[in-house]
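So this block is model29.txt, compact mmCIF, C-alpha atoms:
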```txt
# COMPACT_ATOMS: atom_id res chain seq x y z
CA MET L 1 13.97 -3.07 15.05
CA THR L 2 10.70 -1.96 16.67
CA ASP L 3 7.29 -2.62 15.16
CA THR L 4 7.00 1.10 14.38
CA ALA L 5 10.37 1.16 12.63
CA LEU L 6 9.51 -1.97 10.69
CA SER L 7 6.21 -0.46 9.62
CA THR L 8 7.98 2.71 8.47
CA GLU L 9 10.57 0.68 6.57
CA GLN L 10 7.88 -1.37 4.84
CA GLN L 11 5.97 1.78 3.84
CA ARG L 12 9.01 3.66 2.50
CA PRO L 13 8.64 4.12 -1.27
CA ALA L 14 11.08 2.19 -3.42
CA GLU L 15 13.70 4.39 -5.06
CA PRO L 16 13.33 4.35 -8.87
CA ALA L 17 16.46 3.88 -10.97
CA VAL L 18 14.67 4.57 -14.28
CA LEU L 19 11.29 6.01 -15.24
CA ASP L 20 9.78 2.55 -15.74
CA ASP L 21 10.38 1.88 -12.04
CA VAL L 22 7.73 4.49 -11.18
CA PRO L 23 4.30 2.77 -11.08
CA GLY L 24 1.65 4.09 -13.44
CA TRP L 25 -0.09 3.76 -16.77
CA PHE L 26 2.02 5.96 -19.03
CA TRP L 27 3.29 4.13 -22.08
CA ASP L 28 6.38 4.88 -24.13
CA HIS L 29 4.66 6.24 -27.24
CA ASP L 30 2.78 8.77 -25.09
CA ARG L 31 5.94 9.66 -23.21
CA HIS L 32 7.65 10.38 -26.55
CA LEU L 33 4.65 12.43 -27.73
CA PHE L 34 4.72 14.50 -24.52
CA GLU L 35 8.39 15.22 -25.11
CA TRP L 36 7.79 15.92 -28.80
CA PHE L 37 5.03 18.48 -28.14
CA LEU L 38 6.89 20.14 -25.28
CA GLY L 39 10.19 20.19 -27.17
CA ARG L 40 8.49 21.55 -30.27
CA GLN L 41 7.02 24.41 -28.25
CA GLU L 42 10.41 25.22 -26.75
CA ALA L 43 12.14 25.15 -30.15
CA ALA L 44 9.55 27.65 -31.40
CA GLY L 45 10.14 29.97 -28.44
CA PHE L 46 6.66 29.23 -27.06
CA ARG L 47 6.68 29.84 -23.31
CA GLY L 48 4.02 29.15 -20.71
CA ASP L 49 3.27 27.25 -17.54
CA LEU L 50 2.60 23.52 -17.25
CA LEU L 51 -0.28 21.79 -15.47
CA GLU L 52 -1.20 18.22 -14.56
CA MET L 53 -4.58 17.33 -13.08
CA GLY L 54 -4.23 13.91 -11.49
CA ALA L 55 -0.68 12.70 -11.02
CA TYR L 56 -0.87 9.28 -9.32
CA LEU L 57 2.75 8.46 -8.39
CA GLY L 58 4.41 10.92 -10.75
CA ARG L 59 5.40 9.00 -13.87
CA SER L 60 4.01 11.54 -16.36
CA ALA L 61 4.73 14.52 -14.07
CA ILE L 62 8.41 13.59 -14.10
CA VAL L 63 8.42 13.82 -17.90
CA ILE L 64 6.51 17.11 -17.97
CA GLY L 65 8.79 18.60 -15.31
CA SER L 66 11.87 17.80 -17.38
CA HIS L 67 10.69 20.44 -19.88
CA LEU L 68 10.20 23.22 -17.36
CA GLN L 69 12.02 26.33 -18.63
CA PRO L 70 13.36 29.20 -16.48
CA GLY L 71 10.55 31.49 -15.42
CA GLU L 72 7.83 28.88 -16.04
CA GLY L 73 5.69 27.23 -13.37
CA PHE L 74 4.53 23.65 -13.05
CA THR L 75 1.38 22.89 -11.04
CA VAL L 76 0.24 19.39 -10.05
CA CYS L 77 -3.26 18.93 -8.63
CA ASP L 78 -4.24 15.63 -7.02
CA LEU L 79 -6.14 14.41 -3.99
CA PHE L 80 -3.32 11.98 -3.15
CA ASP L 81 -4.29 10.55 0.26
CA SER L 82 -6.95 13.17 1.03
CA ASP L 83 -10.65 12.38 1.19
CA ALA L 84 -12.62 12.50 -2.06
CA PRO L 85 -15.23 15.25 -2.44
CA ASP L 86 -18.18 12.90 -3.07
CA ASP L 87 -19.19 9.25 -2.72
CA GLU L 88 -18.76 8.42 -6.41
CA ASN L 89 -15.22 9.80 -6.49
CA ALA L 90 -14.41 8.00 -3.21
CA ALA L 91 -15.59 4.70 -4.67
CA GLU L 92 -13.47 5.28 -7.78
CA MET L 93 -10.37 6.00 -5.68
CA ASP L 94 -10.92 3.03 -3.36
CA MET L 95 -11.17 0.71 -6.35
CA SER L 96 -8.02 1.86 -8.16
CA TYR L 97 -5.71 4.08 -6.12
CA ARG L 98 -6.28 4.35 -2.38
CA LYS L 99 -3.85 1.64 -1.25
CA SER L 100 -0.85 3.02 -3.15
CA LEU L 101 -1.48 6.72 -3.78
CA THR L 102 0.27 9.00 -1.29
CA ARG L 103 1.77 12.44 -1.62
CA THR L 104 4.95 11.17 0.06
CA ALA L 105 5.44 8.55 -2.65
CA PHE L 106 4.78 11.08 -5.40
CA GLU L 107 7.29 13.54 -3.98
CA ALA L 108 9.95 10.85 -3.50
CA ASN L 109 9.56 9.68 -7.10
CA TYR L 110 9.61 13.20 -8.51
CA LEU L 111 12.68 14.24 -6.52
CA SER L 112 14.49 11.15 -7.79
CA PHE L 113 14.64 12.89 -11.18
CA HIS L 114 14.41 16.60 -10.31
CA ASP L 115 15.89 19.00 -7.79
CA ARG L 116 12.67 20.79 -6.88
CA LEU L 117 9.04 19.80 -6.52
CA PRO L 118 6.31 21.40 -8.64
CA GLU L 119 3.66 23.49 -6.96
CA ILE L 120 1.35 20.87 -5.45
CA VAL L 121 -2.34 21.50 -4.94
CA GLN L 122 -3.58 18.62 -2.76
CA ALA L 123 -7.27 18.99 -3.48
CA PRO L 124 -9.95 18.02 -6.00
CA THR L 125 -9.37 19.51 -9.45
CA SER L 126 -12.47 21.63 -8.84
CA ALA L 127 -10.17 23.75 -6.61
CA LEU L 128 -8.59 25.06 -9.83
CA ALA L 129 -11.88 26.49 -11.11
CA GLY L 130 -13.20 29.99 -10.52
CA GLY L 131 -10.24 31.91 -11.85
CA ARG L 132 -7.54 30.42 -9.61
CA LEU L 133 -5.39 29.81 -12.71
CA PRO L 134 -4.42 32.81 -14.85
CA ALA L 135 -6.20 32.75 -18.21
CA GLY L 136 -4.07 31.82 -21.21
CA ALA L 137 -0.95 31.22 -19.10
CA PHE L 138 -0.40 27.50 -19.81
CA ARG L 139 1.19 25.86 -22.84
CA PHE L 140 0.62 22.21 -21.86
CA ILE L 141 -2.10 20.64 -19.68
CA HIS L 142 -2.49 16.93 -18.91
CA ILE L 143 -5.88 15.83 -17.51
CA ASP L 144 -5.78 12.43 -15.78
CA ALA L 145 -7.85 12.87 -12.62
CA SER L 146 -11.38 11.58 -12.03
CA HIS L 147 -12.99 9.52 -14.79
CA LEU L 148 -16.49 10.70 -13.93
CA TYR L 149 -18.17 12.92 -16.54
CA GLU L 150 -19.33 15.33 -13.81
CA HIS L 151 -15.66 16.00 -12.97
CA VAL L 152 -14.01 15.67 -16.38
CA ALA L 153 -16.26 18.20 -18.13
CA PRO L 154 -15.40 20.97 -15.62
CA ASP L 155 -11.70 20.00 -15.86
CA LEU L 156 -11.87 20.64 -19.59
CA GLU L 157 -13.51 24.00 -18.99
CA VAL L 158 -10.65 24.92 -16.63
CA ALA L 159 -8.17 23.87 -19.32
CA ARG L 160 -10.01 25.83 -22.01
CA THR L 161 -9.64 29.03 -20.00
CA ALA L 162 -6.12 28.43 -18.73
CA LEU L 163 -4.57 27.20 -22.00
CA ALA L 164 -2.77 29.57 -24.35
CA PRO L 165 -4.28 29.81 -27.88
CA GLN L 166 -1.81 27.29 -29.35
CA GLY L 167 -1.40 25.28 -26.16
CA VAL L 168 -1.96 21.52 -26.01
CA VAL L 169 -4.36 19.66 -23.73
CA VAL L 170 -4.01 15.89 -23.26
CA MET L 171 -6.90 13.70 -22.08
CA ASP L 172 -6.11 10.31 -20.57
CA ASP L 173 -8.43 7.29 -20.92
CA TYR L 174 -10.59 8.97 -23.54
CA ARG L 175 -11.62 5.61 -25.05
CA SER L 176 -11.36 2.94 -22.33
CA ALA L 177 -14.41 0.79 -21.68
CA HIS L 178 -14.31 1.55 -17.94
CA THR L 179 -14.10 5.36 -18.45
CA PRO L 180 -17.12 6.38 -20.58
CA GLY L 181 -17.35 9.68 -18.68
CA VAL L 182 -13.99 10.78 -20.10
CA ALA L 183 -15.06 9.87 -23.63
CA ALA L 184 -18.35 11.75 -23.26
CA ALA L 185 -16.66 14.91 -21.95
CA THR L 186 -13.87 14.80 -24.53
CA TRP L 187 -16.03 14.44 -27.61
CA GLU L 188 -18.58 16.90 -26.23
CA ALA L 189 -15.75 19.44 -26.07
CA VAL L 190 -14.83 18.61 -29.69
CA PHE L 191 -18.32 18.89 -31.14
CA ASN L 192 -19.75 21.64 -28.94
CA HIS L 193 -16.89 23.69 -27.44
CA GLY L 194 -14.29 24.14 -30.15
CA LEU L 195 -11.67 21.59 -29.05
CA LYS L 196 -9.77 20.30 -32.10
CA PRO L 197 -8.12 16.87 -32.11
CA VAL L 198 -4.44 16.83 -33.02
CA VAL L 199 -3.40 13.22 -32.48
CA LEU L 200 -4.85 10.09 -30.87
CA THR L 201 -3.05 7.15 -29.28
CA ASP L 202 -4.55 4.04 -27.71
CA THR L 203 -4.91 5.81 -24.37
CA LYS L 204 -4.64 9.57 -24.86
CA PHE L 205 -6.32 12.36 -26.84
CA TYR L 206 -4.13 15.36 -27.76
CA GLY L 207 -6.05 18.50 -28.68
CA THR L 208 -5.92 22.27 -28.95
CA TRP L 209 -8.30 25.21 -29.15
CA GLY L 210 -5.88 26.71 -31.67
CA ASP L 211 -4.89 25.48 -35.15
CA PRO L 212 -3.85 21.79 -35.16
CA GLY L 213 -2.62 21.81 -38.77
CA ALA L 214 1.06 22.63 -38.30
CA ALA L 215 1.58 20.04 -35.54
CA GLN L 216 -0.21 17.40 -37.59
CA ARG L 217 1.96 18.08 -40.64
CA ASP L 218 5.10 17.82 -38.50
CA LEU L 219 3.88 14.56 -37.01
CA LEU L 220 3.07 13.04 -40.40
CA ALA L 221 6.54 14.03 -41.59
CA ARG L 222 7.91 11.65 -38.93
CA ARG L 223 6.38 8.60 -40.61
CA GLY L 224 9.00 5.91 -41.02
CA THR L 225 11.41 7.35 -38.47
CA LEU L 226 10.50 4.67 -35.91
CA PRO L 227 10.20 1.19 -37.47
CA HIS L 228 7.62 -0.13 -34.98
CA CYS L 229 5.46 3.01 -34.86
CA ASP L 230 2.62 3.60 -37.33
CA ILE L 231 1.53 7.22 -37.97
CA SER L 232 -1.56 7.80 -40.09
CA SER L 233 -4.18 10.48 -40.81
CA GLU L 234 -7.94 10.40 -41.23
CA ALA L 235 -11.01 12.64 -41.27
CA LEU L 236 -13.66 12.60 -38.55
CA ALA L 237 -16.86 14.65 -38.82
CA GLY L 238 -15.08 17.55 -40.45
CA HIS L 239 -11.96 17.25 -38.30
CA ARG L 240 -8.57 16.02 -39.46
CA LEU L 241 -6.68 13.93 -36.92
CA VAL L 242 -3.49 11.91 -36.74
CA ARG L 243 -3.30 8.46 -35.17
CA VAL L 244 -0.19 6.95 -33.60
CA ALA L 245 -0.09 3.21 -32.92
CA GLY L 246 2.52 0.55 -32.26
CA SER L 247 5.56 1.05 -30.09
CA SER L 248 8.34 3.59 -29.75
CA GLU L 249 11.08 0.98 -29.82
CA GLY L 250 14.33 2.58 -30.91
CA ALA L 251 13.52 6.03 -29.54
CA ALA L 252 15.84 7.63 -26.99
CA PRO L 253 15.27 6.46 -23.39
CA PHE L 254 14.35 8.90 -20.63
CA PRO L 255 17.29 10.06 -18.46
CA VAL L 256 17.98 7.89 -15.42
CA SER L 257 17.30 8.98 -11.84
CA ARG L 258 19.82 10.30 -9.33
CA HIS L 259 19.73 6.85 -7.66
CA TYR L 260 20.70 4.94 -10.80
CA ALA L 261 24.46 4.59 -10.21
CA ARG L 262 24.09 3.57 -6.57
CA LEU L 263 21.23 1.17 -7.31
CA ALA L 264 23.23 -0.34 -10.18
CA VAL L 265 26.17 -0.97 -7.82
CA GLU L 266 23.82 -2.48 -5.23
CA ALA L 267 22.21 -4.66 -7.90
CA GLU L 268 25.65 -5.88 -9.02
CA ARG L 269 26.57 -6.64 -5.41
CA ARG L 270 23.34 -8.58 -4.88
CA GLU L 271 23.94 -10.49 -8.11
CA ALA L 272 27.52 -11.30 -7.04
CA GLU L 273 26.24 -12.49 -3.65
CA ARG L 274 23.55 -14.57 -5.34
CA ALA L 275 26.13 -16.10 -7.70
CA ALA L 276 28.44 -16.86 -4.74
CA ARG L 277 25.59 -18.52 -2.83
CA GLU L 278 24.68 -20.55 -5.89
CA ALA L 279 28.33 -21.59 -6.36
CA LEU L 280 28.49 -22.63 -2.70
CA HIS L 281 25.29 -24.62 -3.03
CA GLU L 282 26.58 -26.24 -6.21
CA ALA L 283 29.85 -27.22 -4.47
CA GLU L 284 27.83 -28.65 -1.58
CA ARG L 285 25.66 -30.62 -3.99
CA GLU L 286 28.78 -31.94 -5.73
CA ARG L 287 30.33 -32.94 -2.38
CA GLU L 288 27.16 -34.72 -1.32
CA ALA L 289 27.04 -36.48 -4.67
CA ALA L 290 30.68 -37.56 -4.30
CA VAL L 291 30.05 -38.91 -0.78
CA LEU L 292 26.98 -40.75 -2.02
CA ASP L 293 28.93 -42.17 -4.94
CA LEU L 294 31.74 -43.35 -2.65
CA THR L 295 29.23 -44.95 -0.29
CA GLU L 296 27.53 -46.69 -3.17
CA ARG L 297 30.85 -47.93 -4.58
CA ARG L 298 31.86 -49.31 -1.19
CA ALA L 299 28.51 -51.04 -0.83
CA ARG L 300 28.89 -52.62 -4.27
CA ALA L 301 32.43 -53.81 -3.41
CA ALA L 302 31.20 -55.33 -0.16
CA GLU L 303 28.41 -57.01 -2.07
CA ARG L 304 30.91 -58.51 -4.50
CA ARG L 305 32.96 -59.94 -1.60
CA ARG L 306 30.00 -61.37 0.13
CA PRO L 307 29.60 -64.70 -1.83
CA ALA L 308 33.18 -65.83 -1.01
CA ASN L 309 32.67 -65.24 2.68
CA VAL L 310 29.40 -67.12 2.60
CA ALA L 311 31.13 -70.04 0.85
CA LYS L 312 33.78 -70.17 3.57
CA ARG L 313 31.14 -70.23 6.28
CA VAL L 314 29.21 -72.95 4.47
CA ALA L 315 32.39 -75.05 4.05
CA GLY L 316 33.20 -74.69 7.72
CA ASP L 317 29.73 -75.77 8.68
CA LEU L 318 29.51 -78.78 6.34
CA LEU L 319 33.04 -80.34 6.28
CA PRO L 320 34.01 -82.86 8.96
CA PRO L 321 35.88 -81.34 11.91
CA VAL L 322 39.06 -83.34 11.11
CA VAL L 323 39.20 -81.90 7.58
CA THR L 324 38.45 -78.36 8.76
CA SER L 325 41.24 -78.55 11.36
CA ALA L 326 43.70 -79.81 8.74
CA ILE L 327 42.83 -76.93 6.43
CA ARG L 328 43.40 -74.40 9.21
CA ARG L 329 46.81 -75.94 10.13
CA ALA L 330 47.87 -75.88 6.52
CA ARG L 331 47.01 -72.17 6.26
CA ARG L 332 49.08 -71.43 9.42
CA ASP L 333 52.03 -73.38 8.08
```

When written as structure tokens, how does the structure in this file appear?
Amino acid sequence: MTDTALSTEQQRPAEPAVLDDVPGWFWDHDRHLFEWFLGRQEAAGFRGDLLEMGAYLGRSAIVIGSHLQPGEGFTVCDLFDSDAPDDENAAEMDMSYRKSLTRTAFEANYLSFHDRLPEIVQAPTSALAGGRLPAGAFRFIHIDASHLYEHVAPDLEVARTALAPQGVVVMDDYRSAHTPGVAAATWEAVFNHGLKPVVLTDTKFYGTWGDPGAAQRDLLARRGTLPHCDISSEALAGHRLVRVAGSSEGAAPFPVSRHYARLAVEAERREAERAAREALHEAEREREAAVLDLTERRARAAERRRPANVAKRVAGDLLPPVVTSAIRRARRD
């Protein structure tokens, strides 16, 4: 294999068997909430396009894309391996994403679960501003791009225009210590621009510019359905919000990828080969132990015979020659 081929092989993205194999920070309770909101919209006959700003390697996009209905569009906007638009954004990308974030890896991960790619806009999210997106056309928007306030606030303005009246916008990292810009933009939108919180998790803010009441009542009605998940409600500065904490243990898993069966067979083969190698090594260790034991037993037997031989040599050395000769003749006779 040439150096070029080896380099290509090393850079080839790993094929995911299940969603958890796709790198990213998208936890199960948020995955279930994405599916709950999207499924609830579909059950109500609510149609509209889907949008994700900032996709990383596709873990959340894969989930969103699984709810794409006929006639709907799904747009993903991310810089991927393009240059950032300013020094601050470049520093942010170099610190967290640059080594692993490529469009090729995103596309490979997404196509492991879906037949077609979404519409990909490889550019800063600012490329979506200025009327590029049709107003009111989207039912679900996930914002997980830059963490800088100067970028997040305009992203929210894009979402406000593009989202349908009862659509849902999701903000990632709205409360992390290392992302104060997201927190500032999110709560500014709540207190100054009409965004209403629907539900909060440890990492994501779910909101709407419509009426959050019906979704909140439906969420609260789910209390107790997952034993490890706590759903509660509280008031905040005139807003009612729902909080979801804990885990989603016991909820249905996400469908496996198209590679799952083949990768499972390969994993079984590797495990069988590993077990065979271990059995061979164990047999070799047992053989070596048996040889060592036999050697030790022979050494001990020789040691036990040694005193008698010494005694014979001593007797031969100390007895008179006449006596020694008589003993030897008697043995021959």

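For the choices L:Arg287, L:Arg103, L:His151, L:Arg240, the atom-to-atom distance to Gly181 of chain L is smallest for L:His151 when using only C-alpha atoms.
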
Checklist entry - Which polymer residues have any atom within 12 Å of an atom of Ser248 of chain L, counting all atoms listed in the file, with same-chain residues fewer than 5 positions away left out, as a ChimeraX atom specification? => result /L:27-33,201,224-231,253

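Considering all atoms listed in the file, the residue among L:Leu219, L:Val121, L:Ala264, L:Leu280 positioned nearest to Arg40 of chain L is L:Leu219.
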
Next on the checklist: Taking (5.5, 8.9, -3.8) as a centre in this file's frame and 10 Å as the limit, can you find every polymer residue with an atom that close, using only C-alpha atoms, and give them as number ranges by chain?
Outcome noted: L: 12-15, 22-23, 56-58, 80, 100-111

I need the residues from that last selection saved to file as a PDB file, in the frame of the given file (with C-alpha atoms), if you can.
```
ATOM      1  CA  ARG L  12       9.010   3.660   2.500  1.00  0.00           C
ATOM      2  CA  PRO L  13       8.640   4.120  -1.270  1.00  0.00           C
ATOM      3  CA  ALA L  14      11.080   2.190  -3.420  1.00  0.00           C
ATOM      4  CA  GLU L  15      13.700   4.390  -5.060  1.00  0.00           C
ATOM      5  CA  VAL L  22       7.730   4.490 -11.180  1.00  0.00           C
ATOM      6  CA  PRO L  23       4.300   2.770 -11.080  1.00  0.00           C
ATOM      7  CA  TYR L  56      -0.870   9.280  -9.320  1.00  0.00           C
ATOM      8  CA  LEU L  57       2.750   8.460  -8.390  1.00  0.00           C
ATOM      9  CA  GLY L  58       4.410  10.920 -10.750  1.00  0.00           C
ATOM     10  CA  PHE L  80      -3.320  11.980  -3.150  1.00  0.00           C
ATOM     11  CA  SER L 100      -0.850   3.020  -3.150  1.00  0.00           C
ATOM     12  CA  LEU L 101      -1.480   6.720  -3.780  1.00  0.00           C
ATOM     13  CA  THR L 102       0.270   9.000  -1.290  1.00  0.00           C
ATOM     14  CA  ARG L 103       1.770  12.440  -1.620  1.00  0.00           C
ATOM     15  CA  THR L 104       4.950  11.170   0.060  1.00  0.00           C
ATOM     16  CA  ALA L 105       5.440   8.550  -2.650  1.00  0.00           C
ATOM     17  CA  PHE L 106       4.780  11.080  -5.400  1.00  0.00           C
ATOM     18  CA  GLU L 107       7.290  13.540  -3.980  1.00  0.00           C
ATOM     19  CA  ALA L 108       9.950  10.850  -3.500  1.00  0.00           C
ATOM     20  CA  ASN L 109       9.560   9.680  -7.100  1.00  0.00           C
ATOM     21  CA  TYR L 110       9.610  13.200  -8.510  1.00  0.00           C
ATOM     22  CA  LEU L 111      12.680  14.240  -6.520  1.00  0.00           C
TER      23      LEU L 111
END
```

Next on the checklist: Nearest residue to Ala135 of chain L out of L:Gly54, L:Pro165, L:Gly39, L:Gly238, using all atoms listed in the file?
Outcome noted: L:Pro165

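Ranking L:Phe113, L:Phe37, L:Phe191, L:Tyr206 by their shortest atom-to-atom distance to Ile143 of chain L, with all atoms listed in the file included, puts L:Tyr206 first.
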
Give one line per residue of segment 215-235 of chain L that approaches segment 193-198 of chain L to at most 12 Å, naming the two atoms of the closest pair and their distance in Å to one decimal, counting all atoms listed in the file; sort by chain then ascending residue number and deliver it as a tab-separated table.
```
residue	atom	partner	partner_atom	distance
L:Ala215	CA	L:Val198	CA	7.3
L:Gln216	CA	L:Val198	CA	6.3
L:Arg217	CA	L:Val198	CA	10.0
L:Asp218	CA	L:Val198	CA	11.0
L:Leu219	CA	L:Val198	CA	9.5
L:Leu220	CA	L:Val198	CA	11.2
L:Ser232	CA	L:Val198	CA	11.8
L:Ser233	CA	L:Val198	CA	10.1
L:Glu234	CA	L:Val198	CA	11.0
L:Ala235	CA	L:Pro197	CA	10.5
```

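A straight line drawn from atom CA of Ala127 of chain L to atom CA of Asp172 of chain L is 19.8 Å long.
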
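The gap separating atom CA of Leu117 of chain L from atom CA of Glu266 of chain L is 26.8 Å, in Å to one decimal.
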
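Between atom CA of Arg59 of chain L and atom CA of His259 of chain L there is a distance of 15.8 Å.
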
Checklist entry - Which protein, DNA or RNA residues are at most 6 Å from (-4.5, 25.5, -17.8) in the file's coordinates when you count all atoms listed in the file, listed as number ranges by chain? => result L: 138, 141, 159, 162-163

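If you measure from each of L:Thr125, L:Gln166, L:Thr295, L:Thr179 to Leu148 of chain L using all atoms listed in the file, the closest one turns out to be L:Thr179.
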